[in-house]
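A.B. asks: Pasting in a structure now, in C-alpha cells, and then I'll have a few things to ask.
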Amino acid sequence: MAQKINIGSLLKKRIVILDGASGTELQKRGMPAGECPEKWCMDNPEALLAIHREYQSAGADILYSATFGANRIKLSQYGITNVREINTKLVKIARKAVGTHAIIAGDIGPTGRFVEPFGDLAFEDAVDIFKEQIEGLLKGGADILVIETMIDIQEARAALIAARELSNCFVMVTMTYEHNGRTLNGTDPVSALITLQSLGAHAVGCNCSTGPAEMKRLIEAMKPYSKVPLAAKPNAGMPELKGTETVFNMTAIEFADFGREFAEIGVGLMGGCCGTTPEHIRELSRALSGKKSALPGIKAISALSSARRTVFLENGNPLKIVGEQINPTGKKDLQEELRLGKTTLIDIMAKNQQKSGADLLDVNVGAPGVDQKLMMREAVKRLSVAADAPLVLDSSDPEAIEAGLRIYPGRALINSISGEKKKIEELLPLAARYGAMFILLPLTEEGVPEKAEERCSIIRLVYRKAFGKGFRKPDIVVDGLVMAVSADPASCSETLKTVEWAHLTFGCASIIGLSNISFGMPERIWLNAAFLAMAVYRGLTLAIANPELKEIMNIKAAGDLLSERDKDGSSYLAHFAEGTARHNDVKEKLHLTPEERIFSTIVEGSRDEIETALTAALDAKLDPSYLIKGCMIEAITEVGRRYEKREYFLPQLIAAAETMRKGVFYLEPLIKKAKQNLPPKTTIIIATVAGDIHDIGKNIVSLMLKNQGFEILDLGKDVAAERIIEEIKRTKAPIAGLSALMTTTMIEMEKVISLARSEDVACDFMLGGAAVTRTYALSIGGFYAKDGVEAVQLANRLISKKRDAFSDQ
C-alpha cells in the first residue's frame with residue numbers, strides 16, 4: 001500500500017494545491033436546488049467520486065470531503081440525525097476516489113448561528129457540535145481537518161478547540177471577509193490570524209466571498225505577522241446572472257494568472273471556491289508548478305488580539321496603557337454588582353478607559369463573596385462586545401483564568417505567572433493550551449527579591465520552563481516588580497534595572513503596575529508620572545495605570561515622542577489637540593438625564609440596564625409613548641448610523657437591537673394599560689426563498705425592522721413563492737423582504753415577483769443576501785438593501801412614497 005502524503009513535508013517543498021468548488025459541480029451532475037448536499041452525495045456516490053477524481057487529476061494535493069454542512073444544526077433542518085455516520089461515509093468516499101494519491105481534508109463549515117458572546121448558541125454547545133462532526137471525520141480516515149467559510153471568529157475558535165481536543169492532526173482555518181476587509185462580525189484578517197495561530201491552527205487564511213484580486217490584499221495584510229502557512233481559496237470573480245443561470249466569468253487562465261501573484265506574496269496553500277472548476281485548478285497547478293512555498297519567517301509574535309483589533313507589543317512601538325479600573329479593590333459598588341452577577345459597571349469602566357486612551361483592559365473580579373470563575377467568564381463575554389481593546393485576565397485563581405481564556409474571542413494576556421512552582425504547574429499549561437501571552441512575575445515562594453539580579457535569575461528560570469511548553473520571548477512580558485517607595489526608596493532603581501535588562505539584554509516586553517510606586521505617599525500623581533517617564537526611557541513596553549488621569553496620559557505622549565517611539569510627533573500633536581475634548585466626553589451615567597441615559601443604554605447595547613433606565617424615566621413622570629418615539633427610536637437610528645460608518649460592527653448592532661427590543665417589551669404593557677396608542681404598525685412579510693436554508697441575515701433584518709416599529713411576519717427559510725404571495729394577500733402587507741445567500745437560489749426571487757405581478761398583488765419587494773446585487777434587484781423589479789440598516793431606511797422610504805401617492809389621489 002502506497003504511503004500517504006504528509007502535508008508538512010509537502011509545504012516545505014512547494015505551494016500546496018487545494019481543490020475547487022463542489023456545490024456547482026454537484027448541480028451539474030443533477031443535484032436539485034434546495035437539496036441537502038450531504039444526503040444527495042450519500043445517495044449518489046458515483047457523482048461525488050467523479051468530482052474528487054477530476055480535482056485530483058487536475059493537480060489538487062488536498063481534496064475536501066463533502067461535509068461542509070454535515071453538523072448537527074445544519075443536518076437537523078433536513079430531519080437528519082446520524083451526524084457521525086454521514087461524516088464517516090463521505091470521507092471514505094473521498095478516500096475511495098483517490099486512495100493515497102491526495103490528502104483528504106475533513107471539511108467543517110459553519111453552523112449558521114452566531115456563538116456567544118455574539119449570538120445565542122452557547123460556546124460549549126458549539127464545541128460539542130463540532131466534536132460530534134470531527135469524530136465522524138476522523139473515524140472515516142481524514143488526514144487533516146479544514147474549518148472554512150467562517151464569518152464569526154468565536155465559531156472558528158469553537159471548531160478549532162474541538163479539533164485540538166480530539167486530535168493532533170493538521171488543522172487549517174479559513175475565514176470569509178466582506179468587501180470592507182472584515183468578516184460580517186467585524187474581525188479583520190490580522191486579528192483573526194493572531195487569534196487562530198496562537199490557538200493552535202497549523203494554517204490560516206481566507207476563502208469565498210471575494211475574487212482573487214480582493215483576497216490577495218487580505219493575504220498581504222496577514223503575511224508579515226504569520227507564523228503558520230497562509231491559505232487562499234478565492235472565488236472565480238464575482239457572480240453574474242445570465243437569464244436564470246448564475247455564472248462566474250473569470251476564466252481558468254485568468255484565475256491561474258492570479259495564482260502567480262499569490263505565490264509572490266507568500267501564500268502556502270491555494271485553491272478555488274465558488275465558480276471554480278477542475279479546469280481552474282488544472283491551470284492553477286500549472287501556474288504554480290515548482291514554486292516554493294514561502295515558509296513563515298517568524299516563530300512567535302508579541303501581539304494581543306480582540307475580535308476586532310490587534311495590539312502589537314514590539315520594540316520601538318509607543319508605550320501601551322493597560323487600563324486598571326476593572327478591579328473591585330476599594331470599589332464597593334463594583335464589589336456589590338459582582339456579587340449580584342452583574343456587569344453593567346464593568347461595561348461603563350471599559351468604555352470610559354478606552355475613550356481615555358487605554359490600549360488594553362485589565363480584568364479582575366476577585367472580591368469576597370464573588371464566584372470568580374463565573375464572573376470572569378461573564379465579564380469577558382460582556383467586554384468582548386462592548387470594547388475592542390484586548391484583555392488582560394487578572395486573577396490568582398487558575399479556574400477563573402481558564403474560564404476567561406476559553407470564552408475570549410481573541411489572544412489574551414495572563415496576569416500573571418510567577419516563579420512559584422504551583423503557579424508554573426497550573427498556569428503555564430493553560431497559557432499554552434489557549435495560546436495566551438503571559439506576564440512573568442519574578443518572585444518565588446521565598447518572596448520578592450530585592451535586587452534586580454535576583455529577579456533576572458528567576459525570569460531566566462521561568463523562561464526555560466516556558467520554552468519547553470512552546471513559548472518564545474515574544475510571548476512573554478516581564479514584570480519589573482514595582483514596590484512602594486515609601487517602604488524602600490531603593491526599590492525604584494531595582495525595578496528600572498529589571499525593565500532595562502528585559503529590554504536590552506533578555507529581549508522581551510516589560511510591564512509595571514505604575515501606582516504601586518506611590519503607595520502611602522501624598523500627591524501620588526506626581527510620583528507616578530515621574531516614575532513612568534523614567535521607565536519609558538529604560539525601554540518599558542506597558543504600564544498598568546488609570547488612563548482617565550490626564551497627567552499620566554500627557555507624560556505617556558511626551559515620553560513616546562522623546563524616546564523616538566512617536567517618530568513624527570503625530571501622536572503627541574493629536575493627543576494635545578483632542579485630549580481635552582476626549583476627557584470631557586467621558587461622562588458618568590449618574591450625570592445624564594433620564595432620556596440621555598436611555599439613549600446611551602441602547603447605543604451601548606447594555607441589555608441588563610435598559611429596564612432600570614426606563615424605570616428611572618417613568619419615575620420622573622415621562623410618558624412611555626414618548627420614551628419609545630422620542631428616545632429609543634432615535635437611539636437605534638444612531639446605532640444604524642455608526643454601523644454604516646463602520647464605527648460599529650455586527651456584535652454592537654445586535655446588542656443594541658436586543659436592548660431596544662427588551663425596552664419596547666417592557667413599555668408596551670404600560671402603554672396599553674394607559675390606553676395610549678402607538679403609531680399603527682406597517683406589516684412586512686420576510687422570508688428566505690425556496691431552496692435556501694440560510695437565515696442569519698434575514699433574522700438580523702427582521703430584528704432591525706421590528707425595532708423601528710414595523711410588524712414583522714417572518715415566514716422562515718426555504719419558503720415557496722406561492723406561500724409568500726398567499727401571506728401577502730392575507731395580510732395586505734405593502735412590503736415583502738426576500739433573502740437568498742446562494743447564487744443558485746437567488747433566481748427564486750424573480751419567481752416570487754413574477755407571480756405577484758401575474759396575480760396583480762400590489763407589494764414592493766426588498767431583496768438582500770450575499771449573492772444579491774443592486775443591479776440584479778432592479779432587473780427583476782425589486783429594491784436592494786445590503787443590510788438591516790439599509791433595509792430600515794428603504795422600508796421607511798417605500799412607506800412614505802405609498803402614503804404620498806395615497807394623499808395625492
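Identifiers in this document derive from the order of the C-alpha cells: chains are assigned A, B, ..., residues are numbered from 1 separately in each chain, and ligands are numbered from 1 in order of occurrence.
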Give me the residues of segment 16-35 of chain A that have any atom at most 8 Å from an atom of segment 254-277 of chain A; for each, the nearest atom pair and the distance in Å, rounded to one decimal. Use only C-alpha atoms, sort by chain and number, and format it as a tab-separated table.

C.D. replies:
residue	atom	partner	partner_atom	distance
A:Val16	CA	A:Leu269	CA	4.6
A:Ile17	CA	A:Met270	CA	5.3
A:Leu18	CA	A:Gly271	CA	4.2
A:Asp19	CA	A:Gly271	CA	5.3
A:Gly20	CA	A:Gly272	CA	4.2
A:Ala21	CA	A:Cys273	CA	4.7
A:Gly23	CA	A:Cys274	CA	7.9
A:Thr24	CA	A:Gly275	CA	7.1
A:Glu25	CA	A:Thr277	CA	7.4

A.B. asks: Compile a residue-level contact table for segment 614-689 of chain A against segment 305-317 of chain A at a cut-off of 12 Å, reporting for every qualifying residue the shortest atom pair and its distance in Å to one decimal, with only C-alpha atoms counted, rows ordered by chain and ascending number, as JSON lines.

C.D. replies:
{"residue": "A:Arg646", "atom": "CA", "partner": "A:Arg308", "partner_atom": "CA", "distance": 11.6}
{"residue": "A:Glu647", "atom": "CA", "partner": "A:Arg308", "partner_atom": "CA", "distance": 11.2}
{"residue": "A:Tyr648", "atom": "CA", "partner": "A:Arg308", "partner_atom": "CA", "distance": 10.3}
{"residue": "A:Phe649", "atom": "CA", "partner": "A:Arg308", "partner_atom": "CA", "distance": 8.8}
{"residue": "A:Leu650", "atom": "CA", "partner": "A:Arg308", "partner_atom": "CA", "distance": 10.8}
{"residue": "A:Pro651", "atom": "CA", "partner": "A:Ala307", "partner_atom": "CA", "distance": 9.9}
{"residue": "A:Gln652", "atom": "CA", "partner": "A:Arg308", "partner_atom": "CA", "distance": 11.4}

A.B. asks: Would you list the contacts of Glu668 of chain A as a list in words, taking every protein, DNA or RNA residue within 9 Å and counting only C-alpha atoms, but skipping same-chain residues closer than 3 positions in sequence?

C.D. replies: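 The residues that qualify are Pro624, Ser625, Gly663, Val664, Phe665, Ile671, Lys672, Lys673 and Leu678 of chain A.
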
A.B. asks: Suppose we keep all heavy atoms; can you now write the selection as a compact mmCIF listing (two decimals), in the first residue's frame?

C.D. replies:
# COMPACT_ATOMS: atom_id res chain seq x y z
N PRO A 624 -44.56 56.88 28.57
CA PRO A 624 -44.00 55.69 27.91
C PRO A 624 -43.95 55.80 26.39
O PRO A 624 -42.96 55.38 25.77
CB PRO A 624 -44.94 54.56 28.35
CG PRO A 624 -45.55 55.03 29.62
CD PRO A 624 -45.67 56.52 29.48
N SER A 625 -45.01 56.36 25.79
CA SER A 625 -45.01 56.50 24.32
C SER A 625 -43.90 57.44 23.87
O SER A 625 -43.23 57.21 22.86
CB SER A 625 -46.36 57.04 23.84
OG SER A 625 -47.38 56.10 24.10
N GLY A 663 -36.51 46.81 25.81
CA GLY A 663 -37.12 48.04 26.31
C GLY A 663 -38.55 48.21 25.82
O GLY A 663 -39.44 48.59 26.59
N VAL A 664 -38.78 47.94 24.55
CA VAL A 664 -40.14 48.05 23.99
C VAL A 664 -41.07 47.05 24.69
O VAL A 664 -42.21 47.38 25.04
CB VAL A 664 -40.13 47.82 22.47
CG1 VAL A 664 -41.55 47.72 21.92
CG2 VAL A 664 -39.38 48.95 21.77
N PHE A 665 -40.58 45.85 24.90
CA PHE A 665 -41.38 44.81 25.57
C PHE A 665 -41.76 45.26 26.99
O PHE A 665 -42.86 44.99 27.47
CB PHE A 665 -40.57 43.50 25.63
CG PHE A 665 -41.30 42.35 26.25
CD1 PHE A 665 -42.23 41.63 25.52
CD2 PHE A 665 -41.05 41.98 27.57
CE1 PHE A 665 -42.91 40.56 26.10
CE2 PHE A 665 -41.73 40.91 28.15
CZ PHE A 665 -42.66 40.20 27.41
N ILE A 671 -48.23 51.11 28.12
CA ILE A 671 -48.92 51.92 27.12
C ILE A 671 -50.35 51.41 26.93
O ILE A 671 -51.31 52.20 26.87
CB ILE A 671 -48.15 51.88 25.78
CG1 ILE A 671 -46.80 52.61 25.95
CG2 ILE A 671 -48.95 52.51 24.66
CD1 ILE A 671 -45.87 52.44 24.79
N LYS A 672 -50.50 50.09 26.88
CA LYS A 672 -51.84 49.50 26.73
C LYS A 672 -52.71 49.80 27.95
O LYS A 672 -53.89 50.11 27.84
CB LYS A 672 -51.72 48.00 26.50
CG LYS A 672 -51.15 47.63 25.15
CD LYS A 672 -50.97 46.11 25.01
CE LYS A 672 -50.36 45.77 23.66
NZ LYS A 672 -50.10 44.31 23.53
N LYS A 673 -52.11 49.70 29.14
CA LYS A 673 -52.84 49.96 30.37
C LYS A 673 -53.34 51.39 30.42
O LYS A 673 -54.45 51.67 30.92
CB LYS A 673 -51.93 49.66 31.57
CG LYS A 673 -52.63 49.79 32.93
CD LYS A 673 -51.67 49.42 34.05
CE LYS A 673 -52.36 49.55 35.41
NZ LYS A 673 -51.43 49.21 36.52
N LEU A 678 -49.81 53.54 20.21
CA LEU A 678 -48.60 53.73 19.42
C LEU A 678 -49.00 53.92 17.97
O LEU A 678 -50.11 53.55 17.57
CB LEU A 678 -47.69 52.51 19.56
CG LEU A 678 -47.00 52.33 20.91
CD1 LEU A 678 -46.33 50.98 20.98
CD2 LEU A 678 -46.00 53.43 21.15

A.B. asks: Need to verify the contact set: Arg661 of chain A, 8 Å, only C-alpha atoms, exclusion of same-chain residues closer than 4 positions in sequence. Can you return it as JSON, numbers by chain?

C.D. replies: {"A": [657, 665, 706, 707]}

A.B. asks: Show me, as JSON lines, the residues of segment 533-642 of chain A having an atom within 12 Å of segment 322-342 of chain A, each with the closest atom pair and its distance in Å, using only C-alpha atoms.

C.D. replies:
{"residue": "A:Thr541", "atom": "CA", "partner": "A:Val322", "partner_atom": "CA", "distance": 10.5}
{"residue": "A:Leu542", "atom": "CA", "partner": "A:Val322", "partner_atom": "CA", "distance": 6.9}
{"residue": "A:Ala543", "atom": "CA", "partner": "A:Val322", "partner_atom": "CA", "distance": 5.9}
{"residue": "A:Ile544", "atom": "CA", "partner": "A:Val322", "partner_atom": "CA", "distance": 4.5}
{"residue": "A:Ala545", "atom": "CA", "partner": "A:Glu324", "partner_atom": "CA", "distance": 5.4}
{"residue": "A:Asn546", "atom": "CA", "partner": "A:Gly323", "partner_atom": "CA", "distance": 5.6}
{"residue": "A:Pro547", "atom": "CA", "partner": "A:Gly323", "partner_atom": "CA", "distance": 6.1}
{"residue": "A:Glu548", "atom": "CA", "partner": "A:Gly323", "partner_atom": "CA", "distance": 8.8}
{"residue": "A:Leu549", "atom": "CA", "partner": "A:Gly323", "partner_atom": "CA", "distance": 10.8}
{"residue": "A:Ile552", "atom": "CA", "partner": "A:Gly323", "partner_atom": "CA", "distance": 11.6}
{"residue": "A:Met553", "atom": "CA", "partner": "A:Gly323", "partner_atom": "CA", "distance": 11.4}
{"residue": "A:Ser606", "atom": "CA", "partner": "A:Lys342", "partner_atom": "CA", "distance": 11.2}
{"residue": "A:Arg607", "atom": "CA", "partner": "A:Lys342", "partner_atom": "CA", "distance": 11.0}
{"residue": "A:Asp608", "atom": "CA", "partner": "A:Lys342", "partner_atom": "CA", "distance": 7.9}
{"residue": "A:Glu609", "atom": "CA", "partner": "A:Lys342", "partner_atom": "CA", "distance": 9.7}

A.B. asks: Those selected residues, please, written with N, CA and C atoms and delivered as a short mmCIF file (atom, residue, chain, number, x, y, z; two decimals), in the first residue's frame.

C.D. replies:
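Output saved as selection.cif:
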data_model
loop_
_atom_site.label_atom_id
_atom_site.label_comp_id
_atom_site.auth_asym_id
_atom_site.auth_seq_id
_atom_site.Cartn_x
_atom_site.Cartn_y
_atom_site.Cartn_z
N THR A 541 7.50 48.69 28.00
CA THR A 541 6.55 48.40 26.92
C THR A 541 5.12 48.73 27.31
N LEU A 542 4.72 48.34 28.55
CA LEU A 542 3.35 48.55 29.00
C LEU A 542 3.35 49.08 30.43
N ALA A 543 2.29 49.84 30.75
CA ALA A 543 2.10 50.29 32.13
C ALA A 543 0.65 50.07 32.51
N ILE A 544 0.45 49.42 33.67
CA ILE A 544 -0.90 49.28 34.21
C ILE A 544 -1.20 50.56 34.97
N ALA A 545 -2.19 51.32 34.48
CA ALA A 545 -2.44 52.65 35.03
C ALA A 545 -3.88 53.06 34.77
N ASN A 546 -4.26 54.19 35.32
CA ASN A 546 -5.59 54.75 35.10
C ASN A 546 -5.51 55.75 33.95
N PRO A 547 -6.05 55.40 32.78
CA PRO A 547 -5.93 56.30 31.63
C PRO A 547 -6.80 57.54 31.74
N GLU A 548 -7.69 57.57 32.74
CA GLU A 548 -8.55 58.75 32.91
C GLU A 548 -7.83 59.87 33.66
N LEU A 549 -6.60 59.60 34.11
CA LEU A 549 -5.78 60.64 34.73
C LEU A 549 -4.97 61.34 33.64
N ILE A 552 -1.07 61.30 33.59
CA ILE A 552 -0.42 60.07 33.14
C ILE A 552 -0.40 60.01 31.62
N MET A 553 -1.52 60.33 31.00
CA MET A 553 -1.59 60.26 29.55
C MET A 553 -0.75 61.34 28.88
N SER A 606 -26.51 47.95 26.34
CA SER A 606 -26.49 47.48 27.73
C SER A 606 -27.83 46.82 28.06
N ARG A 607 -27.98 45.56 27.67
CA ARG A 607 -29.26 44.85 27.85
C ARG A 607 -29.69 44.83 29.31
N ASP A 608 -28.75 44.62 30.22
CA ASP A 608 -29.09 44.46 31.63
C ASP A 608 -29.54 45.76 32.28
N GLU A 609 -29.27 46.89 31.63
CA GLU A 609 -29.53 48.18 32.26
C GLU A 609 -30.77 48.87 31.72
#

A.B. asks: Determine the nearest neighbour of Lys381 of chain A from the options A:Thr593, A:Thr67, A:Thr343, A:Ser396, counting only C-alpha atoms.

C.D. replies: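 Ranking A:Thr593, A:Thr67, A:Thr343, A:Ser396 by distance to Lys381 of chain A, first place goes to A:Thr343.
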
A.B. asks: Within 12 Å of Arg565 of chain A, counting only C-alpha atoms, which residues show up once you throw out same-chain ones fewer than 5 positions away? Write them as a list in words, please.

C.D. replies: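 Result of the neighbour search: Glu314, Asn315, Gly316, Asn317, Pro318, Leu319, Lys320, Val536, Tyr537, Gly539, Leu540, Thr541, Lys556, Ala557, Ala558, Gly559, Asp560, Ser570, Ser571 and Tyr572 of chain A.
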
A.B. asks: Determine which residues of segment 550-749 of chain A receive a DSSP assignment of strand (DSSP E), computed from the backbone, and state them as a list in words.

C.D. replies: Thr683, Ile684, Ile685, Ile686, Ala687, Thr688, Glu711, Ile712, Leu713, Asp714, Ile735, Ala736, Gly737, Leu738 and Ser739 of chain A

A.B. asks: Residues within 10 Å of Ile525 of chain A, please, as a PyMOL selection string. Count only C-alpha atoms; anything in the same chain fewer than 5 positions from it doesn't count.

C.D. replies: chain A and resi 515+518+530-531+549-552

A.B. asks: How would the residues just picked look written out with N, CA and C atoms as a short mmCIF file (atom, residue, chain, number, x, y, z; two decimals), in the first residue's frame?

C.D. replies:
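The resulting result-v4.cif:
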data_model
loop_
_atom_site.label_atom_id
_atom_site.label_comp_id
_atom_site.auth_asym_id
_atom_site.auth_seq_id
_atom_site.Cartn_x
_atom_site.Cartn_y
_atom_site.Cartn_z
N SER A 515 0.97 52.55 39.84
CA SER A 515 0.58 53.25 41.06
C SER A 515 1.17 52.64 42.33
N SER A 518 3.80 54.79 44.45
CA SER A 518 3.47 55.94 45.30
C SER A 518 2.62 55.59 46.49
N ALA A 530 6.37 60.85 37.25
CA ALA A 530 7.83 60.90 37.14
C ALA A 530 8.40 59.49 36.92
N PHE A 531 7.88 58.53 37.67
CA PHE A 531 8.37 57.15 37.55
C PHE A 531 8.06 56.59 36.16
N LEU A 549 -6.60 59.60 34.11
CA LEU A 549 -5.78 60.64 34.73
C LEU A 549 -4.97 61.34 33.64
N LYS A 550 -5.30 62.57 33.37
CA LYS A 550 -4.68 63.25 32.23
C LYS A 550 -3.17 63.44 32.41
N GLU A 551 -2.72 63.55 33.66
CA GLU A 551 -1.28 63.71 33.87
C GLU A 551 -0.51 62.49 33.35
N ILE A 552 -1.07 61.30 33.59
CA ILE A 552 -0.42 60.07 33.14
C ILE A 552 -0.40 60.01 31.62
#

A.B. asks: Excluding Ala791 of chain A and any residue of its chain fewer than 2 positions from it, enumerate the residues within 12 Å of it, using only C-alpha atoms, and give them as a ChimeraX atom specification.

C.D. replies: /A:640,644,684,686,697-698,700-706,708,710,735-739,765-769,783-789,793-798

A.B. asks: Just write the chosen residues, C-alpha atoms, as a short mmCIF file (atom, residue, chain, number, x, y, z; two decimals), in the first residue's frame.

C.D. replies:
data_model
loop_
_atom_site.label_atom_id
_atom_site.label_comp_id
_atom_site.auth_asym_id
_atom_site.auth_seq_id
_atom_site.Cartn_x
_atom_site.Cartn_y
_atom_site.Cartn_z
CA GLY A 640 -27.57 52.35 12.42
CA GLU A 644 -22.99 52.37 8.25
CA ILE A 684 -43.74 43.47 6.38
CA ILE A 686 -39.97 38.46 5.36
CA GLY A 697 -29.02 37.87 7.54
CA LYS A 698 -32.81 37.61 7.41
CA ILE A 700 -30.90 40.50 11.67
CA VAL A 701 -33.01 42.45 9.17
CA SER A 702 -36.17 41.26 10.95
CA LEU A 703 -34.85 42.42 14.32
CA MET A 704 -33.89 45.85 12.97
CA LEU A 705 -37.30 46.37 11.30
CA LYS A 706 -39.15 45.33 14.47
CA GLN A 708 -38.30 50.60 14.05
CA PHE A 710 -42.79 47.51 11.84
CA ILE A 735 -43.69 45.30 1.59
CA ALA A 736 -42.07 41.87 1.46
CA GLY A 737 -38.42 41.16 2.18
CA LEU A 738 -36.77 38.27 0.35
CA SER A 739 -33.37 36.82 1.28
CA PHE A 765 -40.12 43.70 -2.67
CA MET A 766 -36.91 44.35 -0.73
CA LEU A 767 -34.16 41.96 -1.77
CA GLY A 768 -30.93 41.10 0.03
CA GLY A 769 -28.35 38.41 0.72
CA PHE A 783 -35.36 47.11 -4.36
CA TYR A 784 -31.95 46.25 -2.91
CA ALA A 785 -30.94 46.52 0.77
CA LYS A 786 -27.40 45.44 1.62
CA ASP A 787 -28.05 45.02 5.37
CA GLY A 788 -30.52 45.63 8.19
CA VAL A 789 -29.75 49.33 8.47
CA GLN A 793 -34.17 53.14 5.51
CA LEU A 794 -35.63 51.55 2.38
CA ALA A 795 -38.80 50.41 4.17
CA ASN A 796 -39.39 53.91 5.52
CA ARG A 797 -38.93 55.41 2.03
CA LEU A 798 -41.31 52.90 0.46
#

A.B. asks: List every residue of segment 141-160 of chain A that has an atom at most 7 Å from any atom of segment 98-115 of chain A, and for each one report the closest atom pair and its distance in Å to one decimal, counting only C-alpha atoms, with rows sorted by chain and then by increasing residue number, as a Markdown table.

C.D. replies:
| residue | atom | partner | partner_atom | distance |
| --- | --- | --- | --- | --- |
| A:Ala142 | CA | A:Gly106 | CA | 5.3 |
| A:Asp143 | CA | A:Ile104 | CA | 5.4 |
| A:Ile144 | CA | A:Ala105 | CA | 4.8 |
| A:Leu145 | CA | A:Gly106 | CA | 4.7 |
| A:Val146 | CA | A:Asp107 | CA | 5.0 |
| A:Ile147 | CA | A:Ile108 | CA | 4.7 |
| A:Glu148 | CA | A:Gly109 | CA | 5.4 |
| A:Thr149 | CA | A:Gly109 | CA | 6.3 |
| A:Met150 | CA | A:Pro110 | CA | 6.0 |
| A:Asp152 | CA | A:Phe114 | CA | 6.7 |
| A:Gln154 | CA | A:Val115 | CA | 6.1 |
| A:Glu155 | CA | A:Val115 | CA | 5.7 |

A.B. asks: For the selection just defined, write its residues with N, CA, C and O atoms to a file, as a PDB file, in the first residue's frame.

C.D. replies:
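Saved the output as again.pdb:
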ATOM      1  N   ALA A 142      -9.947  10.911   7.756  1.00  0.00           N
ATOM      2  CA  ALA A 142      -9.466  12.212   7.271  1.00  0.00           C
ATOM      3  C   ALA A 142      -8.015  12.409   7.690  1.00  0.00           C
ATOM      4  O   ALA A 142      -7.639  12.144   8.834  1.00  0.00           O
ATOM      5  N   ASP A 143      -7.181  12.882   6.745  1.00  0.00           N
ATOM      6  CA  ASP A 143      -5.762  13.120   7.037  1.00  0.00           C
ATOM      7  C   ASP A 143      -5.562  14.416   7.803  1.00  0.00           C
ATOM      8  O   ASP A 143      -4.701  14.510   8.681  1.00  0.00           O
ATOM      9  N   ILE A 144      -6.340  15.436   7.427  1.00  0.00           N
ATOM     10  CA  ILE A 144      -6.266  16.744   8.071  1.00  0.00           C
ATOM     11  C   ILE A 144      -7.692  17.249   8.256  1.00  0.00           C
ATOM     12  O   ILE A 144      -8.647  16.644   7.759  1.00  0.00           O
ATOM     13  N   LEU A 145      -7.833  18.361   8.967  1.00  0.00           N
ATOM     14  CA  LEU A 145      -9.141  18.989   9.145  1.00  0.00           C
ATOM     15  C   LEU A 145      -9.088  20.411   8.605  1.00  0.00           C
ATOM     16  O   LEU A 145      -8.086  21.116   8.794  1.00  0.00           O
ATOM     17  N   VAL A 146     -10.165  20.807   7.930  1.00  0.00           N
ATOM     18  CA  VAL A 146     -10.266  22.170   7.413  1.00  0.00           C
ATOM     19  C   VAL A 146     -11.542  22.803   7.951  1.00  0.00           C
ATOM     20  O   VAL A 146     -12.644  22.282   7.753  1.00  0.00           O
ATOM     21  N   ILE A 147     -11.386  23.913   8.646  1.00  0.00           N
ATOM     22  CA  ILE A 147     -12.515  24.709   9.146  1.00  0.00           C
ATOM     23  C   ILE A 147     -12.622  25.903   8.210  1.00  0.00           C
ATOM     24  O   ILE A 147     -11.689  26.706   8.125  1.00  0.00           O
ATOM     25  N   GLU A 148     -13.731  26.034   7.488  1.00  0.00           N
ATOM     26  CA  GLU A 148     -13.765  27.037   6.419  1.00  0.00           C
ATOM     27  C   GLU A 148     -15.034  27.877   6.413  1.00  0.00           C
ATOM     28  O   GLU A 148     -16.023  27.562   7.060  1.00  0.00           O
ATOM     29  N   THR A 149     -14.950  28.989   5.653  1.00  0.00           N
ATOM     30  CA  THR A 149     -16.069  29.900   5.387  1.00  0.00           C
ATOM     31  C   THR A 149     -16.669  30.429   6.684  1.00  0.00           C
ATOM     32  O   THR A 149     -17.884  30.571   6.812  1.00  0.00           O
ATOM     33  N   MET A 150     -15.822  30.735   7.654  1.00  0.00           N
ATOM     34  CA  MET A 150     -16.287  31.236   8.947  1.00  0.00           C
ATOM     35  C   MET A 150     -16.420  32.763   8.918  1.00  0.00           C
ATOM     36  O   MET A 150     -15.513  33.465   8.472  1.00  0.00           O
ATOM     37  N   ASP A 152     -17.668  34.224  11.871  1.00  0.00           N
ATOM     38  CA  ASP A 152     -17.670  34.509  13.301  1.00  0.00           C
ATOM     39  C   ASP A 152     -16.396  33.918  13.906  1.00  0.00           C
ATOM     40  O   ASP A 152     -16.219  32.703  13.935  1.00  0.00           O
ATOM     41  N   GLN A 154     -15.572  33.589  16.871  1.00  0.00           N
ATOM     42  CA  GLN A 154     -15.847  32.731  18.014  1.00  0.00           C
ATOM     43  C   GLN A 154     -16.273  31.329  17.568  1.00  0.00           C
ATOM     44  O   GLN A 154     -15.917  30.335  18.210  1.00  0.00           O
ATOM     45  N   GLU A 155     -17.010  31.251  16.467  1.00  0.00           N
ATOM     46  CA  GLU A 155     -17.374  29.932  15.952  1.00  0.00           C
ATOM     47  C   GLU A 155     -16.135  29.220  15.423  1.00  0.00           C
ATOM     48  O   GLU A 155     -15.979  28.005  15.610  1.00  0.00           O
TER      49      GLU A 155
END

A.B. asks: Between atom CA of Thr183 of chain A and atom CA of Cys208 of chain A, what is the distance, to one decimal in Å?

C.D. replies: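 Between atom CA of Thr183 of chain A and atom CA of Cys208 of chain A the gap works out to 11.4 Å.
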
A.B. asks: Record the distance separating atom CA of Val171 of chain A and atom CA of Tyr408 of chain A, expressed in Å with one decimal.

C.D. replies: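 For atom CA of Val171 of chain A relative to atom CA of Tyr408 of chain A, the distance reads 20.1 Å.
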
A.B. asks: Could you write out, as number ranges by chain, all the residues of segment 153-281 of chain A that DSSP marks as alpha helix (DSSP H)?

C.D. replies: A: 153-166, 189-199, 212-222, 252-265, 278-281

A.B. asks: Quick one, how far is atom CA of Phe467 of chain A from atom CA of Ala201 of chain A?

C.D. replies: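 Answer for the atom CA of Phe467 of chain A to atom CA of Ala201 of chain A separation: 19.2 Å.
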
A.B. asks: Find the nearest atom pair between each residue of segment 697-727 of chain A and segment 741-752 of chain A for residues within 9 Å, count only C-alpha atoms, give distances in Å to one decimal, sort rows by chain and ascending number, and present the table as a tab-separated table.

C.D. replies:
residue	atom	partner	partner_atom	distance
A:Gly697	CA	A:Leu741	CA	8.5
A:Ala720	CA	A:Val752	CA	8.3
A:Ala721	CA	A:Val752	CA	4.8
A:Glu722	CA	A:Val752	CA	7.5
A:Ile724	CA	A:Val752	CA	7.5
A:Ile725	CA	A:Val752	CA	7.3

A.B. asks: Have a look at A:Glu38, A:Tyr643, A:Gly569, A:Glu564 and name the one nearest to Gly186 of chain A; count only C-alpha atoms.

C.D. replies: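 For Gly186 of chain A, the nearest of the candidates is A:Tyr643.
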